[in-house]
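Visitor: Have a look at this one before I ask anything.
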Amino acid sequence: MTNAPTSVRVERSRDTARGISTSLDANGIRGKLTPSAPLAPLVWFKSGGTAEWLFEPKDVADLQAFLADLDPAVPVMALGLGSNLIVRDGGVSGVVVRLGKAFAKVSKSADLTLDCGAGASGILVSSTARDNGIAGLEFLRSIPGTVGGGLRMNAGAYGRERSEEHTSELQSR
Ligand SMILES: Cc1cc2nc3c(=O)[nH]c(=O)nc-3n(C[C@H](O)[C@H](O)[C@H](O)COP(=O)(O)OP(=O)(O)OC[C@H]3O[C@@H](n4cnc5c(N)ncnc54)[C@H](O)[C@@H]3O)c2cc1C
């Protein structure tokens with residue numbers, strides 16, 4: 001069994017792209033914080049540069065605590081499956097947040113209602129809907145991506161799109 005660090009401090013001397021000096025002092029996080037993390041392995045097209053920091057939160061509370069402590073001047077970008085992203089070779093300034101297993105769950109919470117983690121895949125949402133007799137989410141099987149990315153992009157196929165579904169049938173968090 002390993003103990004998670006109670007404090008992580010990462011400093012970068014100068015972000016030349018943005019012309020600012022940034023540091024990140026994250027206390028008590030339980031997830032994984034990686035400096036200069038290659039993003040190519042994490043995105044669909046397997047190309048592009050690094051994230052200045054990559055944060056993979058342990059759970060919702062971990063993400064909330066991290067964001068509450070973060071200097072508002074540090075840019076934050078969410079990353080799903082990266083199927084609608086081209087990462088520039090120069091990389092991404094600030095923090096890229098990638099949601100892991102704790103955010104990838106889907107369950108039925110009421111009739112015609114699925115409780116979906118923002119990191120859950122569209123395929124899992126579609127399959128869970130099918131298994132619980134909920135129709136109308138079949139189209140998600142054909143779109144590579146997560147719930148969060150799909151809502152952000154209003155992903156759609158076969159004449160259906162996310163904006164039609166999530167208010168009535170999905171709760172994303
Ligand atoms: C082969 C292929 C087929 C595709 N077919 C379709 C299609 O039929 N229909 C269609 O609409 N699209 C399609 N796409 C595009 C892509 O799959 C969708 O846009 C998908 O919804 C992106 O989801 P993602 O999780 O990969 O998001 P990403 O590509 O990781 O991110 C996309 C945007 O969403 C933001 N984001 C990601 N996660 C979150 C979050 N949790 N909270 C807030 N913002 C977030 C990101 O910051 C970024 O701005 C296709 C792409 C590929 C490669």
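Every chain in the structure tokens takes a letter, A first, then B, and so on in the order presented; its residues are numbered from 1, and the ligands are numbered from 1 following the presented order.
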Collect all residues with atoms no farther than 6 Å from ligand 1, counting only C-alpha atoms and all ligand atoms, and output them as an MDAnalysis selection string.
Guide: chainID A and resid 77:85 118 143:146 148:150 152:153 155:157
Visitor: Any idea what's packed within 10 Å of Arg160 in chain A, counting only C-alpha atoms, ignoring anything in its chain fewer than 6 positions away? Could you give it as a PyMOL selection string?
Guide: chain A and resi 136-140+154
Visitor: Report as a VMD selection string all protein, DNA and RNA residues lying within 12 Å of Leu67 in chain A, evaluated on only C-alpha atoms, omitting residues in the same chain fewer than 4 positions from it.
Guide: chain A and resid 24 to 27 29 55 57 60 to 63 71 to 77 95 to 97
Visitor: Could you find all residues in range 49-90 of chain A that DSSP calls helix (DSSP H, G or I) from the backbone, and write them as a PyMOL selection string?
Guide: chain A and resi 60-69
Visitor: Emit the selected residues as a PDB file, in the first residue's frame, including C-alpha atoms.
Guide:
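Here's the written file out.pdb:
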ATOM      1  CA  VAL A  60     -14.989  14.715  -7.283  1.00  0.00           C
ATOM      2  CA  ALA A  61     -13.900  16.045  -3.885  1.00  0.00           C
ATOM      3  CA  ASP A  62     -10.258  15.935  -4.977  1.00  0.00           C
ATOM      4  CA  LEU A  63     -11.061  17.907  -8.129  1.00  0.00           C
ATOM      5  CA  GLN A  64     -13.126  20.437  -6.182  1.00  0.00           C
ATOM      6  CA  ALA A  65     -10.337  20.997  -3.649  1.00  0.00           C
ATOM      7  CA  PHE A  66      -7.724  21.326  -6.369  1.00  0.00           C
ATOM      8  CA  LEU A  67      -9.733  23.877  -8.349  1.00  0.00           C
ATOM      9  CA  ALA A  68     -10.655  25.841  -5.228  1.00  0.00           C
ATOM     10  CA  ASP A  69      -6.974  26.233  -4.372  1.00  0.00           C
TER      11      ASP A  69
END
Visitor: I want to know what sits within 10 Å of Thr128 in chain A, based on only C-alpha atoms, with residues of the same chain fewer than 2 positions away left out; could you give that as a PyMOL selection string?
Guide: chain A and resi 106-108+114+116+122-126+130-134+137
Visitor: As a ChimeraX atom specification, please: all residues of range 11-173 of chain A that backbone DSSP puts in strand (DSSP E).
Guide: /A:11-15,20-27,32-38,50-56,76-79,92-98,106-110,113-116,156-157,160-161,170-172
Visitor: Of the candidates A:Val92, A:Leu39, A:Leu99, A:Val147, which one gets nearest to Asp115 in chain A if we count only C-alpha atoms?
Guide: A:Val147
Visitor: Go ahead and compute the interatomic distance for CA of Lys58 in chain A and CA of Leu70 in chain A, in Å to one decimal.
Guide: 16.4 Å
Visitor: Using Å and a single decimal, report how far CA of Gly100 in chain A sits from CA of Glu161 in chain A.
Guide: 24.4 Å
Visitor: Hey, can you check how far CA of Ser93 in chain A sits from CA of Thr34 in chain A?
Guide: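 Calculated distance between CA of Ser93 in chain A and CA of Thr34 in chain A is 13.1 Å.
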Visitor: Mind checking which residues fall within 6 Å of Ala104 in chain A, counting only C-alpha atoms, ignoring those fewer than 2 positions away in the same chain, and posting them as a ChimeraX atom specification?
Guide: /A:101-102,117,119-120
